[in-house]
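Structure data follow from model26.cif (mmCIF, C-alpha atoms):
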```cif
data_upload
#
loop_
_atom_site.label_atom_id
_atom_site.label_comp_id
_atom_site.auth_asym_id
_atom_site.auth_seq_id
_atom_site.Cartn_x
_atom_site.Cartn_y
_atom_site.Cartn_z
CA MET V 1 -176.12 44.07 165.33
CA ALA V 2 -172.53 43.22 166.06
CA ASN V 3 -170.61 40.98 163.68
CA ILE V 4 -169.86 37.62 165.21
CA MET V 5 -166.54 36.37 163.88
CA ASP V 6 -163.87 33.80 164.60
CA VAL V 7 -160.70 35.22 166.05
CA LYS V 8 -158.75 34.91 162.77
CA SER V 9 -161.24 36.95 160.76
CA ALA V 10 -161.64 39.50 163.54
CA VAL V 11 -157.90 40.09 163.86
CA SER V 12 -157.51 40.31 160.08
CA LEU V 13 -159.42 43.60 160.34
CA ILE V 14 -156.54 45.15 162.35
CA LYS V 15 -154.05 46.94 160.12
CA ASP V 16 -150.30 47.24 160.57
CA GLY V 17 -149.47 50.55 162.24
CA ALA V 18 -152.79 50.65 164.10
CA VAL V 19 -153.30 52.42 167.41
CA VAL V 20 -154.67 49.66 169.66
CA LEU V 21 -156.39 50.33 172.97
CA SER V 22 -156.29 47.17 175.04
CA GLY V 23 -158.29 46.41 178.16
CA GLY V 24 -156.72 44.63 181.08
CA PHE V 25 -155.15 45.26 184.46
CA TYR V 26 -152.14 42.94 184.84
CA GLY V 27 -153.47 41.23 181.73
CA ASN V 28 -156.76 40.39 183.45
CA GLY V 29 -159.28 41.71 180.94
CA THR V 30 -156.84 41.59 178.04
CA PRO V 31 -158.34 39.35 175.33
CA ALA V 32 -155.85 36.49 175.23
CA ALA V 33 -157.00 34.77 172.05
CA ILE V 34 -156.98 38.07 170.14
CA VAL V 35 -153.44 38.86 171.33
CA THR V 36 -152.28 35.36 170.36
CA GLU V 37 -153.79 35.80 166.91
CA MET V 38 -152.25 39.28 166.49
CA ILE V 39 -148.87 37.65 167.08
CA ALA V 40 -149.67 34.82 164.62
CA GLN V 41 -150.70 37.37 161.98
CA LYS V 42 -147.61 39.50 162.78
CA LYS V 43 -149.47 42.79 163.12
CA LYS V 44 -146.59 45.24 163.22
CA ASP V 45 -145.65 48.87 163.97
CA LEU V 46 -148.48 49.00 166.49
CA THR V 47 -149.09 51.73 169.01
CA VAL V 48 -150.48 49.88 172.02
CA ALA V 49 -152.17 51.58 174.97
CA ASN V 50 -152.73 49.44 178.07
CA ASN V 51 -152.52 50.07 181.79
CA ASP V 52 -149.39 48.01 182.48
CA GLY V 53 -148.70 45.48 179.71
CA ASN V 54 -148.26 42.89 182.45
CA THR V 55 -145.50 40.43 181.41
CA VAL V 56 -143.95 38.94 178.28
CA GLU V 57 -146.13 35.87 178.94
CA LYS V 58 -149.53 37.35 179.74
CA GLY V 59 -151.16 40.56 178.55
CA VAL V 60 -150.07 42.89 175.75
CA GLY V 61 -146.51 42.52 177.04
CA ARG V 62 -146.57 39.55 174.64
CA LEU V 63 -146.95 41.97 171.70
CA VAL V 64 -143.99 43.97 173.00
CA ALA V 65 -141.93 40.77 173.36
CA ALA V 66 -142.85 39.76 169.80
CA GLY V 67 -141.37 43.03 168.52
CA LEU V 68 -144.69 44.22 167.10
CA VAL V 69 -144.98 47.42 169.09
CA LYS V 70 -143.58 50.73 167.85
CA LYS V 71 -144.96 52.75 170.74
CA PHE V 72 -146.26 51.58 174.12
CA ILE V 73 -148.42 53.86 176.24
CA CYS V 74 -148.98 52.72 179.82
CA THR V 75 -149.19 53.90 183.42
CA TRP V 76 -146.73 51.41 184.92
CA CYS V 77 -144.60 48.65 183.44
CA GLY V 78 -142.90 47.18 186.49
CA ARG V 79 -143.63 43.64 185.32
CA LEU V 80 -142.40 44.39 181.81
CA PRO V 81 -138.78 45.56 182.18
CA LEU V 82 -138.38 44.81 178.47
CA ALA V 83 -140.39 47.98 177.73
CA PRO V 84 -137.95 50.48 179.31
CA GLU V 85 -135.06 48.41 177.93
CA LEU V 86 -136.35 48.72 174.38
CA ALA V 87 -137.09 52.40 174.94
CA GLU V 88 -133.55 52.99 176.16
CA LYS V 89 -132.13 51.30 173.06
CA GLY V 90 -134.39 53.43 170.86
CA GLU V 91 -136.22 50.36 169.57
CA MET V 92 -139.62 51.28 170.95
CA GLU V 93 -141.16 54.52 172.17
CA LEU V 94 -142.48 54.40 175.73
CA GLU V 95 -144.98 56.93 177.04
CA ILE V 96 -146.08 57.00 180.66
CA ASN V 97 -149.36 58.53 181.83
CA PRO V 98 -150.66 58.67 185.38
CA GLN V 99 -153.42 56.06 185.55
CA GLY V 100 -156.24 58.57 185.95
CA THR V 101 -154.87 60.64 183.08
CA PHE V 102 -154.63 57.53 180.91
CA VAL V 103 -158.28 56.60 181.26
CA GLU V 104 -159.48 60.21 180.94
CA ARG V 105 -157.51 60.69 177.69
CA ILE V 106 -159.34 57.67 176.30
CA ARG V 107 -162.68 58.84 177.67
CA ALA V 108 -162.09 62.32 176.19
CA ALA V 109 -161.55 60.75 172.77
CA GLY V 110 -164.72 58.71 173.07
CA PHE V 111 -166.82 61.52 174.48
CA GLY V 112 -165.87 64.30 172.07
CA LEU V 113 -163.79 66.37 174.46
CA GLY V 114 -160.68 68.36 173.64
CA GLY V 115 -158.45 66.62 176.15
CA VAL V 116 -157.75 66.36 179.83
CA LEU V 117 -156.84 69.02 182.38
CA THR V 118 -155.60 67.32 185.52
CA PRO V 119 -153.52 68.18 188.57
CA SER V 120 -151.93 64.72 188.49
CA GLY V 121 -148.27 64.83 187.54
CA LEU V 122 -147.68 68.57 188.03
CA ASN V 123 -144.04 69.23 189.01
CA THR V 124 -143.03 65.68 188.14
CA MET V 125 -141.31 63.85 185.31
CA ILE V 126 -144.74 63.52 183.67
CA GLU V 127 -144.84 67.29 183.22
CA GLU V 128 -141.22 67.39 181.99
CA LYS V 129 -141.67 64.68 179.39
CA TRP V 130 -145.30 64.29 178.43
CA GLY V 131 -147.51 67.04 179.78
CA GLU V 132 -148.14 70.68 179.05
CA ARG V 133 -148.82 73.05 181.93
CA ILE V 134 -151.81 75.29 181.43
CA THR V 135 -152.79 78.02 183.89
CA LEU V 136 -156.47 78.97 183.99
CA ASN V 137 -157.79 81.53 186.46
CA GLY V 138 -154.63 81.15 188.51
CA LYS V 139 -154.81 77.38 188.79
CA ASP V 140 -152.27 75.07 187.19
CA TRP V 141 -153.20 71.95 185.27
CA LEU V 142 -151.46 69.45 183.04
CA TYR V 143 -153.03 69.22 179.61
CA HIS V 144 -153.06 65.90 177.76
CA THR V 145 -154.51 65.21 174.32
CA PRO V 146 -157.37 62.75 173.77
CA LEU V 147 -156.20 59.20 173.07
CA HIS V 148 -158.19 57.69 170.24
CA GLY V 149 -157.73 54.15 168.96
CA ASP V 150 -158.03 52.72 165.49
CA VAL V 151 -158.97 49.55 167.32
CA ALA V 152 -160.01 48.61 170.85
CA ILE V 153 -159.56 45.01 172.00
CA VAL V 154 -161.27 44.02 175.23
CA GLU V 155 -162.56 40.95 177.01
CA ALA V 156 -166.12 40.69 178.32
CA ASP V 157 -167.94 38.03 180.28
CA ARG V 158 -171.29 38.20 178.50
CA ALA V 159 -172.58 39.70 175.28
CA ASP V 160 -175.79 39.48 173.30
CA ALA V 161 -175.91 39.46 169.51
CA ALA V 162 -176.55 43.21 169.54
CA GLY V 163 -173.11 43.68 171.10
CA ASN V 164 -174.31 44.69 174.55
CA LEU V 165 -171.61 43.84 177.07
CA VAL V 166 -171.46 42.76 180.68
CA PHE V 167 -168.12 42.53 182.44
CA HIS V 168 -167.21 40.32 185.37
CA LEU V 169 -166.02 42.30 188.42
CA THR V 170 -162.80 44.25 187.72
CA GLN V 171 -162.64 42.97 184.15
CA ARG V 172 -164.54 46.24 183.54
CA ALA V 173 -161.75 48.74 184.42
CA PHE V 174 -160.54 50.59 181.30
CA SER V 175 -162.70 48.63 178.87
CA VAL V 176 -165.81 50.81 179.18
CA ALA V 177 -163.90 53.93 178.10
CA MET V 178 -161.97 52.04 175.42
CA CYS V 179 -165.15 50.76 173.75
CA THR V 180 -166.22 54.38 173.21
CA ALA V 181 -162.89 55.58 171.84
CA ALA V 182 -161.95 53.40 168.87
CA ASP V 183 -163.11 53.13 165.25
CA LEU V 184 -163.23 49.35 165.48
CA VAL V 185 -164.19 47.64 168.74
CA ILE V 186 -163.44 43.92 168.96
CA VAL V 187 -164.61 42.02 172.03
CA GLU V 188 -163.54 38.56 173.10
CA VAL V 189 -166.57 37.14 174.90
CA THR V 190 -166.05 34.41 177.46
CA LYS V 191 -169.55 32.98 177.60
CA PRO V 192 -171.65 31.94 174.58
CA ILE V 193 -173.20 34.91 172.75
CA GLU V 194 -176.78 35.34 173.95
CA PRO V 195 -179.84 36.20 171.87
CA VAL V 196 -180.71 39.88 171.58
CA GLY V 197 -182.77 40.92 174.56
CA SER V 198 -181.35 38.40 177.01
CA ILE V 199 -179.51 40.99 179.03
CA ASP V 200 -181.62 43.28 181.17
CA PRO V 201 -181.08 46.79 179.73
CA GLU V 202 -180.45 48.02 183.27
CA HIS V 203 -177.50 45.69 183.63
CA ILE V 204 -175.59 46.49 180.43
CA HIS V 205 -172.14 48.02 181.02
CA VAL V 206 -171.41 48.94 177.38
CA PRO V 207 -174.29 49.41 174.94
CA GLY V 208 -173.98 47.40 171.75
CA MET V 209 -173.91 50.48 169.51
CA PHE V 210 -170.26 50.93 170.53
CA VAL V 211 -169.32 47.36 169.64
CA ASP V 212 -168.39 46.15 166.14
CA VAL V 213 -167.14 42.60 166.43
CA LEU V 214 -167.78 39.81 168.93
CA VAL V 215 -165.39 36.88 169.10
CA PRO V 216 -167.14 34.08 171.00
CA MET V 217 -164.94 31.88 173.16
CA ASN V 218 -167.94 29.71 174.18
CA GLY V 219 -166.76 29.20 177.69
CA VAL V 220 -163.15 28.46 176.83
CA MET V 221 -161.22 30.53 179.31
CA ASN V 222 -158.12 31.78 177.58
CA TYR V 223 -156.01 32.28 180.64
CA GLU V 224 -152.53 32.88 179.35
CA MET W 1 -145.12 45.11 218.54
CA ASN W 2 -143.03 45.57 215.41
CA SER W 3 -142.74 48.98 213.79
CA LYS W 4 -145.01 48.11 210.87
CA GLU W 5 -147.83 47.12 213.20
CA LEU W 6 -147.31 50.21 215.33
CA ILE W 7 -147.55 52.50 212.29
CA ALA W 8 -150.63 50.70 210.98
CA ARG W 9 -152.37 50.72 214.39
CA ARG W 10 -151.81 54.44 214.81
CA ILE W 11 -152.98 55.36 211.32
CA ALA W 12 -156.13 53.25 211.79
CA LYS W 13 -157.20 55.76 214.47
CA GLU W 14 -157.29 58.59 211.91
CA PHE W 15 -160.49 57.43 210.25
CA VAL W 16 -164.14 57.88 211.06
CA SER W 17 -167.13 55.97 209.77
CA GLY W 18 -168.05 56.76 206.20
CA ASN W 19 -164.52 57.68 205.11
CA VAL W 20 -163.44 56.53 201.66
CA VAL W 21 -159.82 55.44 201.87
CA ASN W 22 -157.21 54.02 199.51
CA LEU W 23 -154.45 51.98 201.10
CA GLY W 24 -151.21 51.50 199.17
CA ALA W 25 -149.13 48.35 199.09
CA GLY W 26 -147.14 47.22 202.15
CA VAL W 27 -147.62 48.84 205.57
CA PRO W 28 -150.60 50.98 204.43
CA GLN W 29 -152.60 47.82 203.68
CA LEU W 30 -152.09 46.63 207.25
CA VAL W 31 -154.15 49.62 208.44
CA ALA W 32 -157.33 47.75 207.46
CA ASN W 33 -156.57 45.13 210.12
CA TYR W 34 -156.65 47.65 212.96
CA LEU W 35 -159.75 49.76 212.29
CA ALA W 36 -161.95 49.97 215.36
CA LYS W 37 -164.99 47.65 215.20
CA ASP W 38 -167.41 50.56 215.18
CA VAL W 39 -165.59 52.39 212.37
CA PHE W 40 -166.87 51.57 208.90
CA VAL W 41 -164.59 52.67 206.08
CA TRP W 42 -165.07 52.28 202.34
CA LEU W 43 -161.82 50.83 201.02
CA HIS W 44 -161.11 51.85 197.44
CA ALA W 45 -158.97 49.97 194.92
CA GLU W 46 -157.78 51.68 191.74
CA ASN W 47 -158.68 48.73 189.53
CA GLY W 48 -162.32 49.30 190.29
CA ILE W 49 -163.66 48.37 193.70
CA VAL W 50 -165.14 50.61 196.34
CA GLY W 51 -166.04 48.63 199.43
CA MET W 52 -163.20 46.14 199.42
CA GLY W 53 -162.85 43.54 202.14
CA LYS W 54 -160.45 40.79 203.11
CA ALA W 55 -160.04 37.76 200.87
CA SER W 56 -162.45 35.03 201.87
CA PRO W 57 -161.49 31.35 201.87
CA ASP W 58 -165.13 30.59 200.98
CA LEU W 59 -164.90 32.33 197.63
CA PRO W 60 -163.39 30.52 194.64
CA PRO W 61 -160.21 32.18 193.32
CA ASP W 62 -161.10 34.81 190.74
CA ARG W 63 -158.54 36.90 188.89
CA TYR W 64 -161.07 39.72 188.66
CA ARG W 65 -161.65 39.87 192.41
CA THR W 66 -158.32 41.41 193.37
CA ASP W 67 -156.95 44.69 194.60
CA ALA W 68 -154.67 46.96 192.58
CA GLY W 69 -151.72 44.78 193.59
CA GLU W 70 -153.44 41.66 192.19
CA MET W 71 -153.96 40.21 195.66
CA PRO W 72 -157.25 38.35 196.27
CA VAL W 73 -159.90 40.39 198.11
CA SER W 74 -163.62 40.29 198.70
CA ILE W 75 -166.27 42.89 198.03
CA ILE W 76 -168.21 43.72 201.16
CA PRO W 77 -172.01 43.83 201.25
CA GLY W 78 -172.82 47.28 199.88
CA GLY W 79 -169.57 47.45 197.95
CA ALA W 80 -169.50 48.18 194.23
CA VAL W 81 -167.48 47.47 191.13
CA ILE W 82 -166.68 50.56 189.07
CA ASP W 83 -164.88 51.33 185.83
CA SER W 84 -161.52 53.12 185.76
CA ALA W 85 -162.96 56.55 184.91
CA THR W 86 -165.19 56.38 188.00
CA SER W 87 -162.36 54.96 190.09
CA PHE W 88 -160.10 57.89 189.28
CA GLY W 89 -163.02 60.30 189.39
CA ILE W 90 -163.40 59.24 193.02
CA ILE W 91 -159.70 59.94 193.55
CA ARG W 92 -159.43 63.31 191.80
CA GLY W 93 -162.95 64.53 192.38
CA GLY W 94 -162.64 65.15 196.10
CA HIS W 95 -164.45 61.94 197.07
CA LEU W 96 -161.46 60.13 198.55
CA ASP W 97 -161.01 61.20 202.16
CA ALA W 98 -157.51 59.80 202.45
CA THR W 99 -154.80 57.86 200.75
CA VAL W 100 -152.16 56.06 202.80
CA LEU W 101 -148.89 55.50 200.97
CA GLY W 102 -145.42 54.23 201.68
CA THR W 103 -142.50 56.24 200.42
CA MET W 104 -138.80 56.42 199.73
CA GLN W 105 -138.62 60.12 200.58
CA VAL W 106 -140.97 62.77 201.92
CA ASP W 107 -139.94 66.35 202.53
CA ALA W 108 -140.63 69.41 204.66
CA GLU W 109 -142.67 70.98 201.85
CA GLY W 110 -144.96 67.99 201.73
CA SER W 111 -143.51 66.59 198.54
CA ILE W 112 -143.35 62.85 198.14
CA ALA W 113 -141.08 60.64 196.04
CA ASN W 114 -142.26 57.04 196.01
CA TRP W 115 -142.24 55.82 192.42
CA MET W 116 -138.65 55.68 191.30
CA VAL W 117 -135.05 56.11 192.43
CA PRO W 118 -132.64 58.01 190.18
CA GLY W 119 -130.83 55.53 187.98
CA GLY W 120 -133.15 52.77 189.20
CA LYS W 121 -135.46 50.61 187.14
CA PHE W 122 -138.03 52.69 185.31
CA ALA W 123 -141.63 51.60 185.72
CA GLY W 124 -144.06 54.51 185.99
CA PRO W 125 -146.28 55.84 188.76
CA GLY W 126 -149.44 53.82 188.06
CA GLY W 127 -152.14 55.58 190.08
CA ALA W 128 -149.83 57.14 192.68
CA MET W 129 -149.72 60.62 191.14
CA ASP W 130 -153.51 60.76 190.97
CA LEU W 131 -153.78 59.57 194.57
CA VAL W 132 -151.43 62.22 195.97
CA SER W 133 -152.89 65.05 193.92
CA GLY W 134 -156.50 64.04 194.40
CA ALA W 135 -157.03 62.65 197.88
CA LYS W 136 -158.30 65.13 200.48
CA ARG W 137 -155.62 63.92 202.84
CA VAL W 138 -152.32 62.27 201.92
CA ILE W 139 -150.94 60.19 204.77
CA VAL W 140 -147.46 58.75 204.55
CA ALA W 141 -146.74 55.49 206.39
CA THR W 142 -143.03 54.92 206.56
CA GLU W 143 -140.15 53.68 208.63
CA HIS W 144 -138.39 56.79 209.87
CA CYS W 145 -135.07 55.92 208.23
CA SER W 146 -134.10 53.76 205.27
CA LYS W 147 -132.39 50.39 205.76
CA ASP W 148 -128.96 52.08 205.58
CA GLY W 149 -129.99 54.47 208.35
CA LYS W 150 -130.52 57.58 206.22
CA PRO W 151 -133.49 59.81 207.05
CA LYS W 152 -136.44 59.32 204.71
CA ILE W 153 -137.88 62.62 205.93
CA VAL W 154 -135.72 65.26 204.27
CA GLU W 155 -135.61 68.99 203.56
CA LYS W 156 -136.13 68.48 199.87
CA CYS W 157 -136.70 65.22 198.00
CA THR W 158 -133.82 64.28 195.71
CA PHE W 159 -135.68 61.38 194.05
CA PRO W 160 -138.18 62.02 191.24
CA LEU W 161 -141.39 63.43 192.73
CA THR W 162 -144.76 61.75 192.80
CA GLY W 163 -146.33 65.01 193.89
CA TYR W 164 -145.24 68.44 195.05
CA GLY W 165 -146.56 69.87 198.33
CA VAL W 166 -149.30 67.30 198.76
CA VAL W 167 -148.56 65.37 201.97
CA ASP W 168 -150.53 66.16 205.13
CA SER W 169 -149.15 63.77 207.75
CA ILE W 170 -146.30 61.32 208.28
CA PHE W 171 -146.57 58.35 210.63
CA SER W 172 -143.42 56.39 211.44
CA GLU W 173 -142.44 53.93 214.17
CA LEU W 174 -141.04 56.92 216.07
CA ALA W 175 -143.50 59.73 215.53
CA PHE W 176 -146.48 61.44 214.00
CA ILE W 177 -145.32 64.51 212.12
CA LYS W 178 -147.66 67.06 210.58
CA ILE W 179 -146.61 69.07 207.54
CA THR W 180 -147.57 72.72 207.78
CA LYS W 181 -146.78 75.74 205.65
CA ASP W 182 -144.05 76.54 208.16
CA GLY W 183 -142.49 73.09 207.89
CA LEU W 184 -142.56 69.89 209.92
CA VAL W 185 -144.24 69.80 213.34
CA LEU W 186 -143.81 66.92 215.78
CA MET W 187 -147.26 66.01 217.10
CA GLU W 188 -146.69 62.68 218.83
CA THR W 189 -143.79 60.45 219.80
CA ALA W 190 -144.08 56.66 220.01
CA PRO W 191 -143.94 55.12 223.50
CA GLY W 192 -140.39 55.26 224.84
CA VAL W 193 -139.18 57.64 222.13
CA THR W 194 -137.97 61.14 222.97
CA ALA W 195 -138.47 64.25 220.87
CA ALA W 196 -134.68 64.61 220.71
CA GLU W 197 -134.36 61.16 219.12
CA VAL W 198 -136.99 61.98 216.48
CA ILE W 199 -135.30 65.30 215.73
CA ALA W 200 -131.92 63.57 215.39
CA LYS W 201 -133.31 61.03 212.93
CA THR W 202 -135.21 63.55 210.82
CA GLY W 203 -133.35 65.11 207.90
CA ALA W 204 -135.14 68.46 208.06
CA PRO W 205 -135.90 71.04 210.75
CA LEU W 206 -138.61 69.66 213.04
CA ALA W 207 -140.53 71.95 215.38
CA VAL W 208 -141.98 70.43 218.52
CA GLY W 209 -145.73 70.93 218.62
CA SER W 210 -147.17 72.92 221.51
CA ASP W 211 -149.26 69.94 222.66
CA LEU W 212 -146.76 67.17 221.96
CA ARG W 213 -148.21 63.86 223.14
CA GLU W 214 -147.28 60.25 223.43
CA MET W 215 -148.77 58.14 220.67
CA GLU W 216 -151.76 56.04 221.74
CA ILE W 217 -151.62 52.66 220.11
#
```
Whole structure given in structure tokens:
Amino acid sequence: MANIMDVKSAVSLIKDGAVVLSGGFYGNGTPAAIVTEMIAQKKKDLTVANNDGNTVEKGVGRLVAAGLVKKFICTWCGRLPLAPELAEKGEMELEINPQGTFVERIRAAGFGLGGVLTPSGLNTMIEEKWGERITLNGKDWLYHTPLHGDVAIVEADRADAAGNLVFHLTQRAFSVAMCTAADLVIVEVTKPIEPVGSIDPEHIHVPGMFVDVLVPMNGVMNYE
Amino acid sequence: MNSKELIARRIAKEFVSGNVVNLGAGVPQLVANYLAKDVFVWLHAENGIVGMGKASPDLPPDRYRTDAGEMPVSIIPGGAVIDSATSFGIIRGGHLDATVLGTMQVDAEGSIANWMVPGGKFAGPGGAMDLVSGAKRVIVATEHCSKDGKPKIVEKCTFPLTGYGVVDSIFSELAFIKITKDGLVLMETAPGVTAAEVIAKTGAPLAVGSDLREMEI
């Protein structure tokens, strides 16, 4: 069974310095109430991994703006110019992964694999700064390490008390991989938590065994 | 017809039914408007849709029913929502027949630079590097020259690369150019455009194909 907690108690489980995997594409799928509470509780020195961070007003860009992020790992941060600014000033580390590499690094961590070998980013700045070229049987690849989280924070549409999750449309994105790849998985659930067995096993996107904590929003949409 | 429409109309003729295609932002997205009625293409969006359709006024706004540029879309009957690992598995795994991308520079070796200008704002490539390294065919949709009149098709890209030696074809408002191991080959010229004009506006040696044709729009 997953633990059902209020957002304060759930966020109190996150330690300063944690590596946090956060769902969300332009902040859609990023758990807004959890991010708000992380700022209220001043979780600091975080390493945050998210596709794009979105902006300083929506998404984990808010954590960057609050000065809580030591290192930000993303695939694109065009809506968060603060990130490269802070990186330039040496106030935050910024790591860029191609989007497919980003999700595979997380999946590798969750699935017990030694990392990612991908052609994406060969002969580019990604290779210069963040990748390691490996040649196997005459073919070149970029090697990237698995990306494991101390915590994953994601948003789901439905959950039952066993922690089984159903996402709404593209809310799914990175969150499936992230739920497999963190020691502590905290899920902000939009709709009221349902009794165990209410979700058809065939329709579950993430099995409850991956999920530790459910934060019920009871239909309150936390659009930032 | 403006140049964007011309480029999009011509590229739309490249696809056959059953193709899985990713269209980048800008001109590439216009291609979807000009597919022939009997051509059914699976449109793929990085954020997790395969089988994307136009936004429908009948559907309520939904921030999870968008393309990878956060524009509203629909999901066609038969379309599917997928997670990011599957989405990029489609891209890298040889399942994406083509990606159509705009660019700042593309060169005679098939390298493309479309994610950052030197000294410009730093953002990151998003899914572009996966698209150019993974798609079976990388199609560049671009105006032939930049706004200041400089060729975008060059001998060697000077901007940071998105991918090295990955581009198959370039479609501009002037021409269709194929990239071969021997360099650029002019395949088609747009109506009213001469081969000499295309050659003059291209920043790399351009061979005229043996069966050079006028573009059918």
Evaluate the PyMOL selection byres ((chain V) within 10 of (chain W)) and report residues as a PDB file with C-alpha atoms, keeping the file's coordinate frame:
```pdb
ATOM      1  CA  GLY V  24    -156.720  44.630 181.080  1.00  0.00           C
ATOM      2  CA  PHE V  25    -155.150  45.260 184.460  1.00  0.00           C
ATOM      3  CA  TYR V  26    -152.140  42.940 184.840  1.00  0.00           C
ATOM      4  CA  GLY V  27    -153.470  41.230 181.730  1.00  0.00           C
ATOM      5  CA  ASN V  28    -156.760  40.390 183.450  1.00  0.00           C
ATOM      6  CA  GLY V  29    -159.280  41.710 180.940  1.00  0.00           C
ATOM      7  CA  ASN V  51    -152.520  50.070 181.790  1.00  0.00           C
ATOM      8  CA  ASP V  52    -149.390  48.010 182.480  1.00  0.00           C
ATOM      9  CA  CYS V  74    -148.980  52.720 179.820  1.00  0.00           C
ATOM     10  CA  THR V  75    -149.190  53.900 183.420  1.00  0.00           C
ATOM     11  CA  TRP V  76    -146.730  51.410 184.920  1.00  0.00           C
ATOM     12  CA  CYS V  77    -144.600  48.650 183.440  1.00  0.00           C
ATOM     13  CA  GLY V  78    -142.900  47.180 186.490  1.00  0.00           C
ATOM     14  CA  ARG V  79    -143.630  43.640 185.320  1.00  0.00           C
ATOM     15  CA  LEU V  80    -142.400  44.390 181.810  1.00  0.00           C
ATOM     16  CA  PRO V  81    -138.780  45.560 182.180  1.00  0.00           C
ATOM     17  CA  ALA V  83    -140.390  47.980 177.730  1.00  0.00           C
ATOM     18  CA  PRO V  84    -137.950  50.480 179.310  1.00  0.00           C
ATOM     19  CA  GLU V  85    -135.060  48.410 177.930  1.00  0.00           C
ATOM     20  CA  GLU V  95    -144.980  56.930 177.040  1.00  0.00           C
ATOM     21  CA  ILE V  96    -146.080  57.000 180.660  1.00  0.00           C
ATOM     22  CA  ASN V  97    -149.360  58.530 181.830  1.00  0.00           C
ATOM     23  CA  PRO V  98    -150.660  58.670 185.380  1.00  0.00           C
ATOM     24  CA  GLN V  99    -153.420  56.060 185.550  1.00  0.00           C
ATOM     25  CA  GLY V 100    -156.240  58.570 185.950  1.00  0.00           C
ATOM     26  CA  THR V 101    -154.870  60.640 183.080  1.00  0.00           C
ATOM     27  CA  PHE V 102    -154.630  57.530 180.910  1.00  0.00           C
ATOM     28  CA  VAL V 103    -158.280  56.600 181.260  1.00  0.00           C
ATOM     29  CA  GLU V 104    -159.480  60.210 180.940  1.00  0.00           C
ATOM     30  CA  ARG V 105    -157.510  60.690 177.690  1.00  0.00           C
ATOM     31  CA  ILE V 106    -159.340  57.670 176.300  1.00  0.00           C
ATOM     32  CA  ARG V 107    -162.680  58.840 177.670  1.00  0.00           C
ATOM     33  CA  THR V 118    -155.600  67.320 185.520  1.00  0.00           C
ATOM     34  CA  PRO V 119    -153.520  68.180 188.570  1.00  0.00           C
ATOM     35  CA  SER V 120    -151.930  64.720 188.490  1.00  0.00           C
ATOM     36  CA  GLY V 121    -148.270  64.830 187.540  1.00  0.00           C
ATOM     37  CA  LEU V 122    -147.680  68.570 188.030  1.00  0.00           C
ATOM     38  CA  ASN V 123    -144.040  69.230 189.010  1.00  0.00           C
ATOM     39  CA  THR V 124    -143.030  65.680 188.140  1.00  0.00           C
ATOM     40  CA  MET V 125    -141.310  63.850 185.310  1.00  0.00           C
ATOM     41  CA  ILE V 126    -144.740  63.520 183.670  1.00  0.00           C
ATOM     42  CA  PHE V 167    -168.120  42.530 182.440  1.00  0.00           C
ATOM     43  CA  HIS V 168    -167.210  40.320 185.370  1.00  0.00           C
ATOM     44  CA  LEU V 169    -166.020  42.300 188.420  1.00  0.00           C
ATOM     45  CA  THR V 170    -162.800  44.250 187.720  1.00  0.00           C
ATOM     46  CA  GLN V 171    -162.640  42.970 184.150  1.00  0.00           C
ATOM     47  CA  ARG V 172    -164.540  46.240 183.540  1.00  0.00           C
ATOM     48  CA  ALA V 173    -161.750  48.740 184.420  1.00  0.00           C
ATOM     49  CA  PHE V 174    -160.540  50.590 181.300  1.00  0.00           C
ATOM     50  CA  SER V 175    -162.700  48.630 178.870  1.00  0.00           C
ATOM     51  CA  VAL V 176    -165.810  50.810 179.180  1.00  0.00           C
ATOM     52  CA  ALA V 177    -163.900  53.930 178.100  1.00  0.00           C
ATOM     53  CA  HIS V 205    -172.140  48.020 181.020  1.00  0.00           C
ATOM     54  CA  TYR V 223    -156.010  32.280 180.640  1.00  0.00           C
TER      55      TYR V 223
END
```
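Our summary of the geometry notes that CA of Phe159 (chain W) is positioned 8.2 Å from CA of Met104 (chain W).
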Would you translate the PyMOL selection byres ((chain V and resi 183) around 12) into the concrete set of residues it matches in this file, as a short mmCIF file (atom, residue, chain, number, x, y, z; two decimals) with C-alpha atoms, in the coordinates of the input?
```cif
data_model
loop_
_atom_site.label_atom_id
_atom_site.label_comp_id
_atom_site.auth_asym_id
_atom_site.auth_seq_id
_atom_site.Cartn_x
_atom_site.Cartn_y
_atom_site.Cartn_z
CA LEU V 13 -159.42 43.60 160.34
CA ILE V 14 -156.54 45.15 162.35
CA ALA V 18 -152.79 50.65 164.10
CA VAL V 19 -153.30 52.42 167.41
CA VAL V 20 -154.67 49.66 169.66
CA LEU V 21 -156.39 50.33 172.97
CA ALA V 109 -161.55 60.75 172.77
CA GLY V 110 -164.72 58.71 173.07
CA HIS V 148 -158.19 57.69 170.24
CA GLY V 149 -157.73 54.15 168.96
CA ASP V 150 -158.03 52.72 165.49
CA VAL V 151 -158.97 49.55 167.32
CA ALA V 152 -160.01 48.61 170.85
CA ILE V 153 -159.56 45.01 172.00
CA MET V 178 -161.97 52.04 175.42
CA CYS V 179 -165.15 50.76 173.75
CA THR V 180 -166.22 54.38 173.21
CA ALA V 181 -162.89 55.58 171.84
CA ALA V 182 -161.95 53.40 168.87
CA LEU V 184 -163.23 49.35 165.48
CA VAL V 185 -164.19 47.64 168.74
CA ILE V 186 -163.44 43.92 168.96
CA MET V 209 -173.91 50.48 169.51
CA PHE V 210 -170.26 50.93 170.53
CA VAL V 211 -169.32 47.36 169.64
CA ASP V 212 -168.39 46.15 166.14
CA VAL V 213 -167.14 42.60 166.43
#
```
